[in-house]
>>> print(open('my_file-v2.tsv').read())   # TSV, C-alpha atoms
chain	number	residue	atom	x	y	z
W	1	MET	CA	-90.97	97.74	-227.87
W	2	THR	CA	-89.12	100.96	-227.13
W	3	GLY	CA	-87.01	103.30	-229.23
W	4	ASN	CA	-83.27	103.58	-228.65
W	5	SER	CA	-80.19	105.49	-229.77
W	6	THR	CA	-79.15	102.71	-232.14
W	7	GLY	CA	-81.95	103.78	-234.42
W	8	GLY	CA	-84.15	100.71	-234.05
W	9	PRO	CA	-86.48	98.97	-231.60
W	10	LEU	CA	-85.37	96.88	-228.65
W	11	PRO	CA	-87.36	94.31	-226.71
W	12	GLY	CA	-89.08	95.97	-223.76
W	13	ARG	CA	-86.81	94.24	-221.25
W	14	LEU	CA	-83.72	95.86	-222.76
W	15	GLN	CA	-82.41	99.39	-222.70
W	16	THR	CA	-79.56	101.13	-224.46
W	17	GLU	CA	-77.16	103.81	-223.35
W	18	ARG	CA	-74.96	105.97	-225.55
W	19	SER	CA	-71.64	107.29	-224.33
W	20	GLU	CA	-68.32	108.32	-225.83
W	21	PHE	CA	-64.83	106.95	-225.45
W	22	GLU	CA	-62.01	109.07	-226.82
W	23	GLY	CA	-64.36	110.46	-229.44
W	24	TRP	CA	-65.94	107.13	-230.41
W	25	PRO	CA	-69.68	106.64	-229.92
W	26	VAL	CA	-70.19	103.59	-227.71
W	27	HIS	CA	-73.57	101.89	-227.28
W	28	THR	CA	-74.40	99.60	-224.38
W	29	VAL	CA	-77.40	97.28	-224.67
W	30	ARG	CA	-78.36	95.88	-221.28
W	31	PRO	CA	-81.25	94.45	-219.28
W	32	ALA	CA	-83.78	97.15	-218.44
W	33	THR	CA	-84.10	95.95	-214.85
W	34	GLY	CA	-81.63	94.33	-212.49
W	35	ASP	CA	-77.92	93.90	-212.89
W	36	ALA	CA	-76.33	92.51	-216.03
W	37	ARG	CA	-74.92	89.00	-215.70
W	38	GLY	CA	-71.66	90.13	-217.27
W	39	HIS	CA	-70.29	92.14	-220.17
W	40	VAL	CA	-69.59	91.46	-223.83
W	41	LEU	CA	-67.40	93.69	-225.97
W	42	TYR	CA	-69.00	93.35	-229.41
W	43	LEU	CA	-67.05	94.39	-232.53
W	44	HIS	CA	-69.03	94.66	-235.74
W	45	GLY	CA	-67.99	93.43	-239.15
W	46	GLY	CA	-68.35	94.92	-242.60
W	47	GLY	CA	-64.99	94.54	-244.29
W	48	TYR	CA	-63.57	97.43	-242.22
W	49	VAL	CA	-65.52	99.75	-244.53
W	50	SER	CA	-69.21	99.40	-243.55
W	51	PRO	CA	-70.84	100.79	-240.40
W	52	LEU	CA	-73.15	99.02	-238.01
W	53	GLN	CA	-76.25	97.68	-239.76
W	54	PRO	CA	-79.78	96.83	-238.54
W	55	ALA	CA	-78.84	93.14	-238.67
W	56	HIS	CA	-76.11	93.78	-236.11
W	57	TRP	CA	-78.53	95.44	-233.72
W	58	ASP	CA	-81.05	92.64	-234.15
W	59	LEU	CA	-78.42	90.02	-233.30
W	60	ILE	CA	-77.08	92.00	-230.36
W	61	ALA	CA	-80.58	92.58	-228.96
W	62	ARG	CA	-81.47	88.90	-229.25
W	63	LEU	CA	-78.28	87.83	-227.49
W	64	ALA	CA	-78.60	90.47	-224.77
W	65	ALA	CA	-82.17	89.35	-224.09
W	66	ARG	CA	-81.17	85.68	-223.98
W	67	THR	CA	-78.03	86.03	-221.88
W	68	GLY	CA	-78.83	88.94	-219.59
W	69	ARG	CA	-75.42	90.40	-220.39
W	70	ALA	CA	-74.56	94.00	-221.23
W	71	PHE	CA	-73.25	94.31	-224.80
W	72	VAL	CA	-70.79	97.17	-225.28
W	73	VAL	CA	-70.65	98.15	-228.96
W	74	PRO	CA	-68.07	100.73	-230.08
W	75	ASP	CA	-68.68	102.61	-233.33
W	76	PHE	CA	-65.05	102.73	-234.41
W	77	PRO	CA	-63.60	104.58	-237.46
W	78	LEU	CA	-63.51	102.77	-240.78
W	79	ALA	CA	-61.37	102.41	-243.89
W	80	PRO	CA	-60.42	103.88	-246.26
W	81	GLY	CA	-60.31	107.05	-244.17
W	82	HIS	CA	-58.70	105.23	-241.26
W	83	THR	CA	-56.38	102.26	-240.78
W	84	HIS	CA	-55.83	99.72	-238.02
W	85	HIS	CA	-53.08	102.02	-236.72
W	86	ASP	CA	-55.79	104.57	-235.88
W	87	VAL	CA	-58.18	102.10	-234.28
W	88	PHE	CA	-56.29	99.51	-232.25
W	89	PRO	CA	-54.67	101.82	-229.66
W	90	THR	CA	-58.07	103.26	-228.71
W	91	LEU	CA	-59.66	99.81	-228.80
W	92	ARG	CA	-57.00	98.53	-226.41
W	93	ARG	CA	-57.70	101.36	-224.00
W	94	LEU	CA	-61.44	100.69	-224.20
W	95	TYR	CA	-60.76	97.04	-223.44
W	96	ASP	CA	-58.58	98.06	-220.50
W	97	GLN	CA	-61.37	100.20	-219.10
W	98	LEU	CA	-64.02	97.50	-219.51
W	99	SER	CA	-61.86	94.72	-218.06
W	100	ASP	CA	-60.51	96.71	-215.11
W	101	GLY	CA	-61.94	95.16	-211.97
W	102	THR	CA	-64.19	92.84	-213.99
W	103	ASP	CA	-64.40	89.14	-213.24
W	104	PRO	CA	-62.92	87.52	-216.37
W	105	ASP	CA	-65.46	84.71	-216.01
W	106	THR	CA	-68.26	87.19	-216.77
W	107	PHE	CA	-66.46	89.00	-219.60
W	108	ALA	CA	-66.46	88.01	-223.28
W	109	VAL	CA	-65.25	89.45	-226.58
W	110	MET	CA	-67.41	88.78	-229.62
W	111	GLY	CA	-67.46	89.84	-233.24
W	112	ASP	CA	-68.65	89.00	-236.71
W	113	SER	CA	-66.53	88.96	-239.88
W	114	THR	CA	-63.84	91.65	-239.57
W	115	GLY	CA	-65.12	92.42	-236.08
W	116	ALA	CA	-64.22	88.84	-235.15
W	117	THR	CA	-60.79	89.42	-236.70
W	118	MET	CA	-60.32	92.48	-234.52
W	119	GLY	CA	-61.53	90.67	-231.42
W	120	LEU	CA	-59.07	87.81	-231.80
W	121	ALA	CA	-56.20	90.17	-232.68
W	122	LEU	CA	-57.05	92.33	-229.67
W	123	VAL	CA	-56.85	89.46	-227.20
W	124	GLN	CA	-53.67	88.13	-228.83
W	125	SER	CA	-52.05	91.55	-228.38
W	126	LEU	CA	-52.67	91.76	-224.64
W	127	PRO	CA	-49.46	91.76	-222.58
W	128	PRO	CA	-48.65	88.81	-220.31
W	129	GLY	CA	-50.51	89.00	-217.04
W	130	GLN	CA	-53.36	91.15	-218.28
W	131	PRO	CA	-56.74	89.51	-217.69
W	132	ARG	CA	-58.23	87.77	-220.70
W	133	PRO	CA	-61.94	87.26	-221.29
W	134	ARG	CA	-63.14	83.79	-220.55
W	135	ASP	CA	-64.86	83.59	-223.92
W	136	LEU	CA	-63.97	84.66	-227.43
W	137	VAL	CA	-66.87	84.25	-229.88
W	138	LEU	CA	-65.88	84.56	-233.53
W	139	MET	CA	-68.59	84.50	-236.19
W	140	SER	CA	-67.30	84.08	-239.76
W	141	PRO	CA	-63.86	85.50	-238.89
W	142	TRP	CA	-61.38	86.70	-241.50
W	143	LEU	CA	-58.21	85.15	-240.13
W	144	ASP	CA	-55.65	85.61	-242.90
W	145	ALA	CA	-55.76	88.82	-244.92
W	146	THR	CA	-53.27	87.42	-247.44
W	147	LEU	CA	-55.97	85.05	-248.75
W	148	THR	CA	-53.27	82.60	-249.84
W	149	ASN	CA	-54.94	79.41	-248.63
W	150	PRO	CA	-55.21	77.25	-251.81
W	151	GLU	CA	-58.71	76.11	-250.84
W	152	ILE	CA	-60.08	79.65	-251.19
W	153	ARG	CA	-60.01	79.82	-254.98
W	154	ALA	CA	-61.87	76.54	-255.33
W	155	LEU	CA	-64.57	77.74	-252.93
W	156	GLU	CA	-64.97	81.26	-254.32
W	157	PRO	CA	-67.53	80.35	-257.04
W	158	HIS	CA	-69.83	79.05	-254.27
W	159	ASP	CA	-69.57	82.20	-252.12
W	160	PRO	CA	-72.20	84.83	-253.05
W	161	ILE	CA	-70.95	87.34	-250.46
W	162	SER	CA	-67.18	87.64	-250.57
W	163	SER	CA	-64.61	87.92	-253.32
W	164	THR	CA	-60.84	87.82	-253.01
W	165	GLU	CA	-60.60	90.96	-255.16
W	166	ASN	CA	-62.77	93.06	-252.85
W	167	LEU	CA	-61.32	91.63	-249.66
W	168	SER	CA	-57.76	92.25	-250.84
W	169	ARG	CA	-58.62	95.89	-251.50
W	170	PHE	CA	-60.22	96.31	-248.07
W	171	ALA	CA	-57.20	94.67	-246.41
W	172	ARG	CA	-54.79	97.07	-248.11
W	173	TRP	CA	-56.85	100.05	-247.00
W	174	TRP	CA	-57.02	98.79	-243.41
W	175	ALA	CA	-53.31	97.89	-243.33
W	176	GLY	CA	-52.10	101.34	-244.38
W	177	ARG	CA	-48.35	100.92	-244.76
W	178	ALA	CA	-48.22	97.67	-242.81
W	179	ASP	CA	-47.88	94.17	-244.24
W	180	VAL	CA	-51.32	92.54	-244.45
W	181	ALA	CA	-49.78	89.44	-242.86
W	182	THR	CA	-49.25	91.29	-239.57
W	183	PRO	CA	-51.15	89.51	-236.76
W	184	LEU	CA	-53.38	92.54	-236.21
W	185	LEU	CA	-54.81	91.92	-239.69
W	186	SER	CA	-54.04	88.20	-239.97
W	187	PRO	CA	-54.45	86.79	-236.45
W	188	ILE	CA	-53.77	83.29	-237.76
W	189	ASN	CA	-50.13	84.47	-237.54
W	190	GLY	CA	-50.47	85.64	-233.94
W	191	PRO	CA	-49.92	83.77	-230.66
W	192	LEU	CA	-52.44	81.01	-229.98
W	193	GLU	CA	-51.65	80.31	-226.32
W	194	ASN	CA	-53.79	81.51	-223.41
W	195	LEU	CA	-56.76	82.67	-225.45
W	196	GLY	CA	-59.32	81.03	-223.16
W	197	ARG	CA	-62.43	79.46	-224.62
W	198	VAL	CA	-62.74	80.26	-228.32
W	199	ALA	CA	-65.82	79.39	-230.36
W	200	ILE	CA	-65.76	79.84	-234.14
W	201	PHE	CA	-68.97	79.71	-236.19
W	202	ALA	CA	-68.59	79.38	-239.96
W	203	GLY	CA	-70.50	78.35	-243.07
W	204	THR	CA	-69.04	75.91	-245.56
W	205	ASN	CA	-69.82	78.25	-248.52
W	206	ASP	CA	-67.70	81.04	-247.05
W	207	ILE	CA	-64.24	81.53	-248.61
W	208	LEU	CA	-62.93	82.41	-245.14
W	209	THR	CA	-63.82	79.03	-243.64
W	210	PRO	CA	-60.70	77.17	-244.87
W	211	ASP	CA	-58.60	79.44	-242.68
W	212	ALA	CA	-60.95	78.84	-239.75
W	213	ARG	CA	-60.21	75.13	-240.12
W	214	ARG	CA	-56.52	75.85	-240.31
W	215	LEU	CA	-56.62	78.01	-237.19
W	216	ALA	CA	-58.43	75.28	-235.26
W	217	GLN	CA	-55.75	72.81	-236.28
W	218	LEU	CA	-52.93	75.15	-235.27
W	219	ALA	CA	-54.54	75.86	-231.90
W	220	ALA	CA	-55.19	72.23	-231.04
W	221	GLU	CA	-51.99	71.94	-229.01
W	222	ALA	CA	-51.87	75.50	-227.68
W	223	THR	CA	-51.77	75.71	-223.89
W	224	GLY	CA	-54.46	77.79	-222.22
W	225	THR	CA	-56.69	77.73	-225.29
W	226	GLU	CA	-59.81	75.65	-225.88
W	227	MET	CA	-60.90	76.26	-229.46
W	228	THR	CA	-64.04	74.79	-231.03
W	229	LEU	CA	-65.03	75.19	-234.67
W	230	HIS	CA	-68.73	74.89	-235.51
W	231	GLU	CA	-69.36	74.46	-239.26
W	232	TYR	CA	-72.77	74.75	-240.94
W	233	PRO	CA	-73.22	73.07	-244.34
W	234	ASP	CA	-74.11	75.31	-247.30
W	235	MET	CA	-74.19	78.43	-245.14
W	236	ILE	CA	-72.69	81.71	-246.35
W	237	HIS	CA	-70.51	84.34	-244.73
W	238	ALA	CA	-72.14	85.92	-241.66
W	239	PHE	CA	-75.26	83.81	-242.17
W	240	MET	CA	-76.19	84.27	-238.52
W	241	LEU	CA	-76.85	87.94	-239.29
W	242	LEU	CA	-78.28	87.50	-242.77
W	243	ARG	CA	-80.36	84.31	-242.79
W	244	PRO	CA	-82.97	83.39	-240.20
W	245	GLY	CA	-83.50	79.68	-239.81
W	246	ALA	CA	-82.41	76.56	-237.99
W	247	GLU	CA	-78.68	77.21	-238.44
W	248	THR	CA	-78.89	80.73	-237.04
W	249	ASP	CA	-81.00	79.46	-234.13
W	250	ALA	CA	-78.34	76.84	-233.44
W	251	VAL	CA	-75.59	79.48	-233.36
W	252	LEU	CA	-77.55	81.69	-230.97
W	253	ALA	CA	-78.36	78.74	-228.72
W	254	GLU	CA	-74.68	77.73	-228.53
W	255	ILE	CA	-73.54	81.27	-227.77
W	256	THR	CA	-76.22	81.51	-225.08
W	257	ARG	CA	-75.01	78.26	-223.56
W	258	ARG	CA	-71.41	79.45	-223.56
W	259	LEU	CA	-72.32	82.69	-221.83
W	260	ASP	CA	-73.99	80.73	-219.04
W	261	ALA	CA	-77.53	81.93	-219.54
W	262	ASP	CA	-80.60	79.77	-219.52
W	263	PRO	CA	-80.94	78.42	-223.09
W	264	GLY	CA	-84.66	78.06	-222.52
W	265	ALA	CA	-85.06	81.80	-222.03
W	266	VAL	CA	-85.20	82.47	-225.75
W	267	GLU	CA	-86.22	85.83	-227.24
W	268	ARG	CA	-87.53	85.08	-230.75
>>> encode(input="my_file-v2.tsv", output="structure tokens")
Amino acid sequence: MTGNSTGGPLPGRLQTERSEFEGWPVHTVRPATGDARGHVLYLHGGGYVSPLQPAHWDLIARLAARTGRAFVVPDFPLAPGHTHHDVFPTLRRLYDQLSDGTDPDTFAVMGDSTGATMGLALVQSLPPGQPRPRDLVLMSPWLDATLTNPEIRALEPHDPISSTENLSRFARWWAGRADVATPLLSPINGPLENLGRVAIFAGTNDILTPDARRLAQLAAEATGTEMTLHEYPDMIHAFMLLRPGAETDAVLAEITRRLDADPGAVER
């Protein structure tokens, strides 16, 4: 194991690089030897208010080791000091830089929780003709910041992680003066065509899962989009970061398969 600028250990066959993009720290976790098999723009969750955590780095390292891809992880500004107005323009320019000259078949956007929200909203906001990533991987995404789905209230007593009260406050901070229903905060209201291959991973005890089901239904007839929802019974929000076990292993195996690595090359 070797030290790295993320503050934790990485498997010996990985290395990390730290750079800056328009004042943002950006970490890249990549194979230590040879060329990366492609790139993944990874956006971290945390309700727009929490920074990258050790669990994020553990997940990123495991996926980088399995897939042989380079994971690019921006450390973007957070609420309440910043809003989506501050973050998305820079994020778009970072995406433009990463995707310029890159084969879309070897490029993916991935995120957990609010990072998944940002990833979907980012791709939805791309102008016509701009290359899209082949894969969008959304883990426990927050798809509708209005939290008006009637199924949410019934599920809330079973969710030990999220509450509508806290999420509503975070959404208002992140929105600034904008309506929380804007597609950049509620991508369920954004365009669903030409998103490529979209994989959603969600637990049934997560109050955000009803909107994941709704999004999958809305996208079923969208041209240029192949959306698959994977649900895991009794699992909580962001369980793939928080709970080791068979369900998390299944998520990692499916992501590995989607990113065209050898599923047998597993880094435990």
>>> closest_residue(input="my_file-v2.tsv", among="W:Asn194, W:Thr16, W:Phe21, W:Glu165", to="W:Gly129", atoms="only C-alpha atoms")
W:Asn194
>>> closest_atom_pairs(input="my_file-v2.tsv", of="stretch 153-263 of chain W", to="stretch 44-66 of chain W", cutoff="10 Å", atoms="only C-alpha atoms", output="tab-separated table")
residue	atom	partner	partner_atom	distance
W:Ser162	CA	W:Gly47	CA	9.6
W:Asn166	CA	W:Gly47	CA	9.0
W:Leu167	CA	W:Gly47	CA	7.1
W:Arg169	CA	W:Gly47	CA	9.7
W:Phe170	CA	W:Gly47	CA	6.3
W:Ala171	CA	W:Gly47	CA	8.1
W:Trp173	CA	W:Tyr48	CA	8.7
W:Trp174	CA	W:Tyr48	CA	6.8
W:Ala238	CA	W:Gly45	CA	8.9
W:Met240	CA	W:Leu59	CA	8.1
W:Leu241	CA	W:Ala55	CA	5.6
W:Leu242	CA	W:Ala55	CA	7.0
W:Arg243	CA	W:Ala55	CA	9.9
W:Leu252	CA	W:Leu63	CA	7.1
W:Ala253	CA	W:Arg66	CA	8.9
W:Ile255	CA	W:Leu63	CA	8.1
W:Thr256	CA	W:Arg66	CA	6.6
W:Arg257	CA	W:Arg66	CA	9.7
W:Leu259	CA	W:Arg66	CA	9.6
W:Ala261	CA	W:Arg66	CA	6.9
W:Asp262	CA	W:Arg66	CA	7.4
W:Pro263	CA	W:Arg66	CA	7.3
>>> closest_residue(input="my_file-v2.tsv", among="W:Ser125, W:Asn205, W:Ser163, W:Thr182", to="W:Asp144", atoms="all atoms listed in the file")
W:Thr182
>>> closest_residue(input="my_file-v2.tsv", among="W:Leu184, W:Ala250, W:Asp159, W:Leu136", to="W:Thr228", atoms="only C-alpha atoms")
W:Leu136
>>> residues_around(input="my_file-v2.tsv", residues="stretch 133-135 of chain W", least_positions_apart="2", cutoff="8 Å", atoms="all atoms listed in the file", output="VMD selection string")
chain W and resid 104 to 109 131 137 196 to 199 258 to 259
>>> decode(input="my_file-v2.tsv", residues="stretch 109-139 of chain W", atoms="N, CA, C and O atoms", output="PDB file, in the first residue's frame")
ATOM      1  N   VAL W 109     -19.489   9.046 -16.681  1.00  0.00           N
ATOM      2  CA  VAL W 109     -19.747   9.973 -15.578  1.00  0.00           C
ATOM      3  C   VAL W 109     -20.441   9.175 -14.485  1.00  0.00           C
ATOM      4  O   VAL W 109     -21.387   8.424 -14.754  1.00  0.00           O
ATOM      5  N   MET W 110     -19.959   9.327 -13.256  1.00  0.00           N
ATOM      6  CA  MET W 110     -20.457   8.537 -12.142  1.00  0.00           C
ATOM      7  C   MET W 110     -20.579   9.430 -10.919  1.00  0.00           C
ATOM      8  O   MET W 110     -19.823  10.385 -10.757  1.00  0.00           O
ATOM      9  N   GLY W 111     -21.546   9.106 -10.063  1.00  0.00           N
ATOM     10  CA  GLY W 111     -21.669   9.840  -8.817  1.00  0.00           C
ATOM     11  C   GLY W 111     -22.542   9.110  -7.830  1.00  0.00           C
ATOM     12  O   GLY W 111     -23.295   8.200  -8.192  1.00  0.00           O
ATOM     13  N   ASP W 112     -22.423   9.517  -6.579  1.00  0.00           N
ATOM     14  CA  ASP W 112     -23.277   8.968  -5.532  1.00  0.00           C
ATOM     15  C   ASP W 112     -24.092  10.098  -4.929  1.00  0.00           C
ATOM     16  O   ASP W 112     -23.612  11.228  -4.790  1.00  0.00           O
ATOM     17  N   SER W 113     -25.347   9.818  -4.591  1.00  0.00           N
ATOM     18  CA  SER W 113     -26.226  10.762  -3.914  1.00  0.00           C
ATOM     19  C   SER W 113     -26.306  12.065  -4.709  1.00  0.00           C
ATOM     20  O   SER W 113     -26.659  12.061  -5.881  1.00  0.00           O
ATOM     21  N   THR W 114     -25.967  13.203  -4.085  1.00  0.00           N
ATOM     22  CA  THR W 114     -26.044  14.465  -4.813  1.00  0.00           C
ATOM     23  C   THR W 114     -25.003  14.554  -5.925  1.00  0.00           C
ATOM     24  O   THR W 114     -25.182  15.311  -6.884  1.00  0.00           O
ATOM     25  N   GLY W 115     -23.926  13.789  -5.823  1.00  0.00           N
ATOM     26  CA  GLY W 115     -22.986  13.714  -6.936  1.00  0.00           C
ATOM     27  C   GLY W 115     -23.620  13.065  -8.157  1.00  0.00           C
ATOM     28  O   GLY W 115     -23.356  13.459  -9.295  1.00  0.00           O
ATOM     29  N   ALA W 116     -24.471  12.057  -7.924  1.00  0.00           N
ATOM     30  CA  ALA W 116     -25.212  11.445  -9.027  1.00  0.00           C
ATOM     31  C   ALA W 116     -26.199  12.440  -9.618  1.00  0.00           C
ATOM     32  O   ALA W 116     -26.399  12.489 -10.844  1.00  0.00           O
ATOM     33  N   THR W 117     -26.833  13.242  -8.762  1.00  0.00           N
ATOM     34  CA  THR W 117     -27.719  14.298  -9.250  1.00  0.00           C
ATOM     35  C   THR W 117     -26.967  15.225 -10.187  1.00  0.00           C
ATOM     36  O   THR W 117     -27.438  15.550 -11.291  1.00  0.00           O
ATOM     37  N   MET W 118     -25.797  15.670  -9.750  1.00  0.00           N
ATOM     38  CA  MET W 118     -25.001  16.588 -10.562  1.00  0.00           C
ATOM     39  C   MET W 118     -24.557  15.949 -11.866  1.00  0.00           C
ATOM     40  O   MET W 118     -24.549  16.599 -12.918  1.00  0.00           O
ATOM     41  N   GLY W 119     -24.198  14.659 -11.813  1.00  0.00           N
ATOM     42  CA  GLY W 119     -23.757  13.984 -13.022  1.00  0.00           C
ATOM     43  C   GLY W 119     -24.846  13.901 -14.072  1.00  0.00           C
ATOM     44  O   GLY W 119     -24.612  14.171 -15.262  1.00  0.00           O
ATOM     45  N   LEU W 120     -26.052  13.529 -13.645  1.00  0.00           N
ATOM     46  CA  LEU W 120     -27.163  13.455 -14.590  1.00  0.00           C
ATOM     47  C   LEU W 120     -27.507  14.841 -15.123  1.00  0.00           C
ATOM     48  O   LEU W 120     -27.695  15.030 -16.334  1.00  0.00           O
ATOM     49  N   ALA W 121     -27.587  15.839 -14.232  1.00  0.00           N
ATOM     50  CA  ALA W 121     -27.904  17.197 -14.666  1.00  0.00           C
ATOM     51  C   ALA W 121     -26.848  17.739 -15.626  1.00  0.00           C
ATOM     52  O   ALA W 121     -27.164  18.445 -16.588  1.00  0.00           O
ATOM     53  N   LEU W 122     -25.596  17.405 -15.378  1.00  0.00           N
ATOM     54  CA  LEU W 122     -24.509  17.845 -16.254  1.00  0.00           C
ATOM     55  C   LEU W 122     -24.707  17.319 -17.663  1.00  0.00           C
ATOM     56  O   LEU W 122     -24.647  18.070 -18.650  1.00  0.00           O
ATOM     57  N   VAL W 123     -24.936  16.028 -17.798  1.00  0.00           N
ATOM     58  CA  VAL W 123     -25.091  15.437 -19.128  1.00  0.00           C
ATOM     59  C   VAL W 123     -26.353  15.963 -19.807  1.00  0.00           C
ATOM     60  O   VAL W 123     -26.358  16.228 -21.014  1.00  0.00           O
ATOM     61  N   GLN W 124     -27.431  16.147 -19.044  1.00  0.00           N
ATOM     62  CA  GLN W 124     -28.650  16.706 -19.621  1.00  0.00           C
ATOM     63  C   GLN W 124     -28.423  18.110 -20.168  1.00  0.00           C
ATOM     64  O   GLN W 124     -29.079  18.513 -21.133  1.00  0.00           O
ATOM     65  N   SER W 125     -27.514  18.859 -19.556  1.00  0.00           N
ATOM     66  CA  SER W 125     -27.303  20.252 -19.952  1.00  0.00           C
ATOM     67  C   SER W 125     -26.382  20.420 -21.144  1.00  0.00           C
ATOM     68  O   SER W 125     -26.215  21.554 -21.637  1.00  0.00           O
ATOM     69  N   LEU W 126     -25.779  19.348 -21.622  1.00  0.00           N
ATOM     70  CA  LEU W 126     -24.851  19.466 -22.745  1.00  0.00           C
ATOM     71  C   LEU W 126     -25.598  19.881 -24.010  1.00  0.00           C
ATOM     72  O   LEU W 126     -26.696  19.397 -24.281  1.00  0.00           O
ATOM     73  N   PRO W 127     -25.016  20.771 -24.799  1.00  0.00           N
ATOM     74  CA  PRO W 127     -25.697  21.210 -26.021  1.00  0.00           C
ATOM     75  C   PRO W 127     -25.743  20.100 -27.063  1.00  0.00           C
ATOM     76  O   PRO W 127     -24.922  19.174 -27.032  1.00  0.00           O
ATOM     77  N   PRO W 128     -26.702  20.167 -27.985  1.00  0.00           N
ATOM     78  CA  PRO W 128     -26.784  19.154 -29.047  1.00  0.00           C
ATOM     79  C   PRO W 128     -25.465  19.067 -29.814  1.00  0.00           C
ATOM     80  O   PRO W 128     -24.822  20.081 -30.094  1.00  0.00           O
ATOM     81  N   GLY W 129     -25.073  17.851 -30.092  1.00  0.00           N
ATOM     82  CA  GLY W 129     -23.853  17.632 -30.846  1.00  0.00           C
ATOM     83  C   GLY W 129     -22.612  17.450 -30.004  1.00  0.00           C
ATOM     84  O   GLY W 129     -21.594  16.965 -30.510  1.00  0.00           O
ATOM     85  N   GLN W 130     -22.655  17.836 -28.727  1.00  0.00           N
ATOM     86  CA  GLN W 130     -21.483  17.618 -27.891  1.00  0.00           C
ATOM     87  C   GLN W 130     -21.440  16.165 -27.454  1.00  0.00           C
ATOM     88  O   GLN W 130     -22.466  15.587 -27.094  1.00  0.00           O
ATOM     89  N   PRO W 131     -20.249  15.554 -27.506  1.00  0.00           N
ATOM     90  CA  PRO W 131     -20.155  14.136 -27.150  1.00  0.00           C
ATOM     91  C   PRO W 131     -20.666  13.867 -25.739  1.00  0.00           C
ATOM     92  O   PRO W 131     -20.396  14.621 -24.804  1.00  0.00           O
ATOM     93  N   ARG W 132     -21.428  12.790 -25.618  1.00  0.00           N
ATOM     94  CA  ARG W 132     -21.899  12.314 -24.327  1.00  0.00           C
ATOM     95  C   ARG W 132     -21.056  11.120 -23.893  1.00  0.00           C
ATOM     96  O   ARG W 132     -20.529  10.399 -24.735  1.00  0.00           O
ATOM     97  N   PRO W 133     -20.954  10.889 -22.600  1.00  0.00           N
ATOM     98  CA  PRO W 133     -20.298   9.653 -22.163  1.00  0.00           C
ATOM     99  C   PRO W 133     -21.152   8.454 -22.525  1.00  0.00           C
ATOM    100  O   PRO W 133     -22.386   8.558 -22.579  1.00  0.00           O
ATOM    101  N   ARG W 134     -20.516   7.344 -22.768  1.00  0.00           N
ATOM    102  CA  ARG W 134     -21.306   6.148 -23.050  1.00  0.00           C
ATOM    103  C   ARG W 134     -22.109   5.728 -21.827  1.00  0.00           C
ATOM    104  O   ARG W 134     -23.249   5.269 -21.952  1.00  0.00           O
ATOM    105  N   ASP W 135     -21.515   5.896 -20.650  1.00  0.00           N
ATOM    106  CA  ASP W 135     -22.155   5.401 -19.433  1.00  0.00           C
ATOM    107  C   ASP W 135     -22.352   6.510 -18.417  1.00  0.00           C
ATOM    108  O   ASP W 135     -21.446   7.314 -18.157  1.00  0.00           O
ATOM    109  N   LEU W 136     -23.545   6.507 -17.829  1.00  0.00           N
ATOM    110  CA  LEU W 136     -23.868   7.301 -16.652  1.00  0.00           C
ATOM    111  C   LEU W 136     -24.173   6.316 -15.530  1.00  0.00           C
ATOM    112  O   LEU W 136     -25.054   5.467 -15.683  1.00  0.00           O
ATOM    113  N   VAL W 137     -23.457   6.408 -14.426  1.00  0.00           N
ATOM    114  CA  VAL W 137     -23.663   5.505 -13.298  1.00  0.00           C
ATOM    115  C   VAL W 137     -24.120   6.344 -12.109  1.00  0.00           C
ATOM    116  O   VAL W 137     -23.371   7.201 -11.619  1.00  0.00           O
ATOM    117  N   LEU W 138     -25.344   6.100 -11.664  1.00  0.00           N
ATOM    118  CA  LEU W 138     -25.978   6.915 -10.631  1.00  0.00           C
ATOM    119  C   LEU W 138     -26.285   6.048  -9.421  1.00  0.00           C
ATOM    120  O   LEU W 138     -27.140   5.170  -9.478  1.00  0.00           O
ATOM    121  N   MET W 139     -25.593   6.303  -8.330  1.00  0.00           N
ATOM    122  CA  MET W 139     -25.780   5.534  -7.104  1.00  0.00           C
ATOM    123  C   MET W 139     -26.594   6.367  -6.120  1.00  0.00           C
ATOM    124  O   MET W 139     -26.171   7.447  -5.712  1.00  0.00           O
TER     125      MET W 139
END
